[in-house]
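Student: One structure, pasted below without further comment.
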Amino acid sequence: QVRLAESGGRTVQAGGSLRLSCTVSYFDVFTHCMAWFRQGPGKEREGVATIDIDGRTTYADSVKDRFIIARDNEENEEYTLYLNMTRLEPEDTGMYYCASDLRRFCYGMNVDVFDSWGQGTQVTVSS
């Protein structure tokens with residue numbers, strides 16, 4: 001069964017950068033759609049970025065040109081999904097989750113279409 005574990009979240013000042021990691025076990029991130037979501041205080045979970053088997057990426061308008069989703073090769077039967085975040089803003093504060101879809105291509109950022117989730121990692125951006 002696929003297992004996802006996020007890490008890297010912490011408190012950072014506005015304008016700073018952060019890289020989140022998601023260790024993925026028993027699931028090939030290169031042959032399925034993968035995504036990052038976030039949930040801010042009092043807000044619904046929203047899609048941040050997706051990447052499909054061809055390496056095509058999509059981003060929420062609020063993070064375009066600031067965030068980059070990437071993935072790394074297998075090592076010891078585990079893959080890593082990254083979210084590189086720059087020029088962070090207080091509005092980026094929230095719990096960040098990685099998610100996997102059994103399909104090869106991504107069809108939007110609807111929470112309901114993703115099959116497996118990690119436990120989340122907290123990002124706090126101070127002004």
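To be explicit about the labels: the chains of the structure tokens are called A, B, and onward in the order shown, and within each one the residues are counted from 1, while ligands get numbers from 1 in the order they are shown.
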Taking the backbone alone, and naming residues the way the document does, which bits of range 9-47 of chain A are strand (DSSP E) by DSSP, as an mmCIF file with C-alpha atoms, in the first residue's frame?
Tutor:
```cif
data_model
loop_
_atom_site.group_PDB
_atom_site.id
_atom_site.type_symbol
_atom_site.label_atom_id
_atom_site.label_comp_id
_atom_site.auth_asym_id
_atom_site.auth_seq_id
_atom_site.Cartn_x
_atom_site.Cartn_y
_atom_site.Cartn_z
ATOM 1 C CA THR A 11 8.390 28.850 10.334
ATOM 2 C CA VAL A 12 10.010 31.199 7.850
ATOM 3 C CA GLN A 13 9.917 34.945 7.305
ATOM 4 C CA LEU A 18 11.585 26.542 1.798
ATOM 5 C CA ARG A 19 11.732 23.061 0.295
ATOM 6 C CA LEU A 20 9.208 20.447 1.301
ATOM 7 C CA SER A 21 9.829 16.751 0.731
ATOM 8 C CA CYS A 22 7.455 13.843 0.466
ATOM 9 C CA THR A 23 8.906 10.362 0.790
ATOM 10 C CA VAL A 24 6.811 7.956 -1.223
ATOM 11 C CA SER A 25 6.959 4.214 -0.608
ATOM 12 C CA MET A 34 1.335 13.425 -8.005
ATOM 13 C CA ALA A 35 0.302 16.625 -6.264
ATOM 14 C CA TRP A 36 0.790 19.027 -3.406
ATOM 15 C CA PHE A 37 -2.162 20.499 -1.549
ATOM 16 C CA ARG A 38 -2.396 22.884 1.380
ATOM 17 C CA GLN A 39 -4.939 23.898 3.965
ATOM 18 C CA GLU A 46 -6.695 23.515 -2.022
ATOM 19 C CA GLY A 47 -4.452 22.269 -4.786
#
```
Student: Which residues of range 34-104 of chain A come within 6 Å of range 118-127 of chain A, and what is each one's closest atom pair and distance in Å (one decimal), counting only C-alpha atoms, sorted by chain and residue number, as CSV?
Tutor:
```
residue,atom,partner,partner_atom,distance
A:Pro90,CA,A:Val125,CA,4.7
A:Thr93,CA,A:Thr124,CA,4.6
A:Gly94,CA,A:Val123,CA,5.4
A:Met95,CA,A:Gln122,CA,4.4
A:Tyr96,CA,A:Gly120,CA,5.2
A:Tyr97,CA,A:Gly120,CA,4.5
A:Cys98,CA,A:Gly118,CA,5.8
```
Student: Report, in Å with one decimal, the straight-line distance from CA of Gln1 in chain A to CA of Asp54 in chain A.
Tutor: 23.7 Å
Student: With a distance cut-off of 12 Å and only C-alpha atoms, select the neighbouring residues of range 101-115 of chain A, excluding the residue or stretch itself and same-chain residues fewer than 5 positions from it, and output the selection as a ChimeraX atom specification.
Tutor: /A:1-4,27-39,44-60
Student: Report the residues of chain A whose backbone DSSP state falls under helix (DSSP H, G or I), written as a list in words.
Tutor: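 Here is the list: Asp61, Ser62, Val63, Pro90, Glu91, Asp92, Val111, Asp112 and Val113 of chain A.
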Student: May I have the residues within 10 Å of Val63 in chain A as a PyMOL selection string, using only C-alpha atoms and disregarding those fewer than 6 positions away in the same chain?
Tutor: chain A and resi 48-49+85-89+92
Student: Rounded to one decimal place, report the CA of Arg10 in chain A-CA of Asp65 in chain A distance in Å.
Tutor: 21.4 Å
